[in-house]
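J.: Got a structure here, written out as C-alpha cells. Questions coming.
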Amino acid sequence: MRNVPKPLYSRILSGLLLSLLAACGTQNSNPDGSNPNPSPLSGKTVTYSPSDEVFLNPERGFRPGVQLGYSQGSTSLAGVNLPGMRGRGYTLIQAYISLEPFQNGPISDTYLNQLRGRLQGMRDAGIKGSVRFWYTWGGTPRSSKATILGHIRQLTPLLRDYADVMVALQAGFLGSWGEWGDHGEMNSAENKRELVSALLAALPPDRRVQLRTVEHLRLFVPGGMSEAQAFEAGFIGSRLGHHNDCFMVNQSDAGTYAWSDPQRTTDRNYLSSMSKFMPIGGEMCGDVPEAGTDPYNRRTPQGQLDELARFNWSWISNDFGNIDRWRQWGIYDTIARKLGYRFALVQSVVPEVASGGRLRLSFTVRNDGWAAPFNPRPVRVVLRNTQSRQVYSVNVNTDPRRWFAGSTQTIQVDQPLPAGIVPGSYEVLLHLPDPYQSIAARPEYAIRLANPDVWEAATGYNKLNQTVRVP
C-alpha cells in the first residue's frame with residue numbers, strides 16, 4: 001500500500017467518519033424530520049381528569065333527519081333551519097335529497113344550484129351531513145340505470161366541492177327512501193356494483209359510501225377486511241361504511257342481518273369484525289325487539305348500550321323511533337357521550353426547554369367512545385407565545401382513525417422546531433382540525449377533548465396546560 005501523508009490521511013478519515021455519521025442520521029430520521037425512535041422523556045408531567053359533560057364534536061352524535069332538497073311530492077325546497085342546528089345540539093344531520101321529479105330525465109340546473117346553496121348553508125352553519133339521494137318516499141322508483149348514472153355524473157361537482165361537509169354518502173337512489181329495496185333492473189348484483197363504483201368515482205378518495213345491509217356489503221367485501229386492508233387505498237372495503245335504518249325493530253333489524261339463525265348470527269359477527277374501521281350510523285324504526293326469544297339481550301338498557309358499542313356506532317337519529325325509552329331508562333346521556341369517538345387526555349410530559357432545536361414531548365389520550373374517527377384528520381402540537389400570542393404548529397405523526405374505541409395511545413413527539421420561531425415562553429396546545437382547507441381554521445370543525453379546562457372554543461385548540469421555553 002502506498003504511504004499517505006499523515007495530514008492527508010487524517011483528512012480522509014475525518015471525511016469518512018462524517019459521511020458515516022450523516023448516513024446514520026439519515027437512516028434515523030423520517031422524511032418530516034421526526035425521530036422514529038425518540039429517547040425517554042424527562043420533564044414536567046401533568047395528569048388530566050376526564051369530563052362527563054355532553055358537548056358537541058364533529059362527525060358524531062345524535063342527528064335529525066332533514067329534507068335538504070325538495071319536499072316530498074313537490075318542486076319547492078323544504079323548509080329547514082340549518083343555522084339553528086348547533087344551537088339544538090347537532091353537528092350532524094341526515095341530509096335526504098329528493099330526485100323525485102327527475103326520474104325520467106336530467107336534473108335541472110336550477111335544482112343543482114339550489115342544492116349548492118343548501119350545501120353551502122351547511123358549511124356556513126358549521127355542521128356536516130350524511131347524504132342520501134332518493135327517488136320515492138315509499139313505493140317503487142321507475143328511474144333506469146342510465147338515468148341514475150347520468151344523475152351521478154351531474155352531481156359529481158357538488159359531491160367534490162362539498163365533500164368537506166359530507167361525513168359519508170349513503171348509496172341511496174334505489175328503492176323506497178333510497179334504502180336499496182326493489183328497483184327493477186337495478187336489483188341485480190352487477191348493477192348495484194356499477195352504481196357504487198360510480199359513486200366512489202364521483203367522491204374524493206377520502207370519502208366513503210355507506211350500504212344499507214350486510215348482504216349489500218358482501219357484494220364488495222365477501223370475506224370482510226383486516227386492519228391493513230381497511231387503510232389500503234386500493235382496497236374497496238376502505239371506501240365503504242354501513243347505515244342501519246331499522247335499529248331495534250326486530251332481531252334482524254328489518255333485514256340488516258339475515259331474518260333467522262344461523263345466518264343472522266354469522267352476519268352480525270361479520271359486521272362487527274370490521275365495523276371499527278367504518279362509518280356506522282342510522283336510526284331506530286321501532287322500540288325494542290318483538291316478543292319472543294332475545295338471543296342478543298337487546299331488550300335491556302345494558303343490552304342496547306352493548307349493541308351500539310359492539311358495532312361502533314358514530315351517530316343515530318333522536319327524532320325518529322322510541323328514543324323516549326332511552327330517556328326512561330336513564331341511558332340517553334350515556335349514548336350522547338359514547339356515540340363516535342370521545343378522546344380524553346390522560347397525561348402529558350413536556351421538558352422545560354426545547355433544546356437542540358427540537359420539540360420533544362409526549363401526550364397520552366384515551367378513547368372513551370364507541371368508535372374512532374372514520375375520516376382522515378391531522379394532529380398538531382401548537383406553540384403559542386405567551387407574550388405576543390404568535391402561533392406555530394408542528395405536525396404529529398399519528399392517525400386518529402387508529403385510536404380505536406377503548407384504547408389508550410401515548411404519542412411521542414420529537415420534531416424540529418418550526419422555522420422562524422423566536423425565543424421565548426410558549427403555551428403547548430393540541431389541535432385536531434378538519435383536513436379540508438375550506439374549514440380547517442373553523443373551531444367548530446375541530447375535535448374537542450373530554451377534559452375540563454382544556455378546550456378553547458374560540459380557537460379549536462385543547463390546552464395541555466404546559467409551557468416550554470425556546471432558547
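FYI, nothing fancy with the C-alpha cells labels: chains A, B, ... in order, residues from 1 per chain, ligands from 1 as they appear.
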Between stretch 109-222 of chain A and stretch 259-274 of chain A, at 12 Å or less, what are the per-residue closest atom pairs and their distances in Å? Count only C-alpha atoms, order by chain and rising residue number, and return it as JSON lines.

T.:
{"residue": "A:Leu211", "atom": "CA", "partner": "A:Leu271", "partner_atom": "CA", "distance": 11.8}
{"residue": "A:Arg212", "atom": "CA", "partner": "A:Leu271", "partner_atom": "CA", "distance": 11.8}
{"residue": "A:Thr213", "atom": "CA", "partner": "A:Asp267", "partner_atom": "CA", "distance": 9.5}
{"residue": "A:Val214", "atom": "CA", "partner": "A:Asp267", "partner_atom": "CA", "distance": 6.5}
{"residue": "A:Glu215", "atom": "CA", "partner": "A:Asp267", "partner_atom": "CA", "distance": 8.3}
{"residue": "A:His216", "atom": "CA", "partner": "A:Asp267", "partner_atom": "CA", "distance": 11.3}
{"residue": "A:Leu217", "atom": "CA", "partner": "A:Leu271", "partner_atom": "CA", "distance": 8.8}
{"residue": "A:Arg218", "atom": "CA", "partner": "A:Tyr270", "partner_atom": "CA", "distance": 9.3}
{"residue": "A:Val221", "atom": "CA", "partner": "A:Tyr270", "partner_atom": "CA", "distance": 10.2}
{"residue": "A:Pro222", "atom": "CA", "partner": "A:Tyr270", "partner_atom": "CA", "distance": 9.2}

J.: Just the selected residues (C-alpha atoms), exported as a JSON list (two decimals), in the first residue's frame, please.

T.:
[["chain", "number", "residue", "atom", "x", "y", "z"],
["A", 211, "LEU", "CA", -74.50, 0.49, 2.36],
["A", 212, "ARG", "CA", -77.78, -0.47, 4.00],
["A", 213, "THR", "CA", -77.40, -4.20, 4.81],
["A", 214, "VAL", "CA", -74.81, -6.87, 5.42],
["A", 215, "GLU", "CA", -75.94, -8.57, 2.21],
["A", 216, "HIS", "CA", -75.01, -5.44, 0.29],
["A", 217, "LEU", "CA", -71.62, -5.19, 1.98],
["A", 218, "ARG", "CA", -70.89, -8.77, 0.97],
["A", 221, "VAL", "CA", -66.08, -7.48, 0.70],
["A", 222, "PRO", "CA", -67.40, -11.05, 0.98]]

J.: Taking the DSSP assignment computed from this structure's backbone, write out as a ChimeraX atom specification all residues of stretch 100-250 of chain A that belong to helix (DSSP H, G or I).

T.: /A:100-102,109-125,145-161,163-165,184-187,189-202,214-218,227-230,236-239

J.: Which is closest to A:Pro64 among A:Gly181, A:Gly282, A:Gly121, A:Gly139, if we use only C-alpha atoms?

T.: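 Distance minimum relative to A:Pro64 lands on A:Gly282.
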
J.: Determine the nearest neighbour of A:Leu305 from the options A:Leu169, A:Pro279, A:Lys338, A:Cys285, counting only C-alpha atoms.

T.: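 For A:Leu305, the nearest of the candidates is A:Lys338.
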
J.: Excluding same-chain residues fewer than 3 positions from stretch 418-435 of chain A, what lies within 8 Å of it counting only C-alpha atoms, as JSON, numbers by chain?

T.: {"A": [376, 377, 378, 379, 380, 381, 382, 383, 384, 385, 386, 387, 392, 393, 394, 439, 440, 441, 442, 443, 445, 446, 447, 460, 461, 462, 463, 464, 465, 466, 467, 468, 469, 470, 471]}

J.: Here is a test: counting only C-alpha atoms, which residue of A:His243, A:Arg298, A:Arg342, A:Lys276 is nearest to A:Arg402?

T.: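 Looking only at the distances to A:Arg402, the closest residue turns out to be A:Lys276.
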
J.: Grab the atom CA of A:Glu190 to atom CA of A:Tyr257 distance for me, in Å with one decimal place.

T.: 21.1 Å

J.: Just the number, please: distance in Å from atom CA of A:Leu199 to atom CA of A:Tyr90, one decimal.

T.: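 Going from atom CA of A:Leu199 over to atom CA of A:Tyr90 covers 26.6 Å.
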
J.: When you draw a straight line from atom CA of A:Tyr436 to atom CA of A:Gln170, how long is it in Å?

T.: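 If I compute the distance from atom CA of A:Tyr436 to atom CA of A:Gln170, I get 20.5 Å.
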
J.: Can you list every residue in stretch 258-394 of chain A that DSSP puts in strand (DSSP E or B), as a PyMOL selection string?

T.: chain A and resi 280-284+315-317+343-350+353+358-367+380-385+391-394

J.: What's the 12 Å shell around A:Leu219, counting only C-alpha atoms, without same-chain residues fewer than 5 positions away, as a list in words?

T.: Ser188, Ala189, Glu190, Asn191, Lys192, Arg193, Glu194, Val196, Ser197, Leu211, Arg212, Thr213, Val214, Gly224, Ile236, Gly237 and Leu240 of chain A
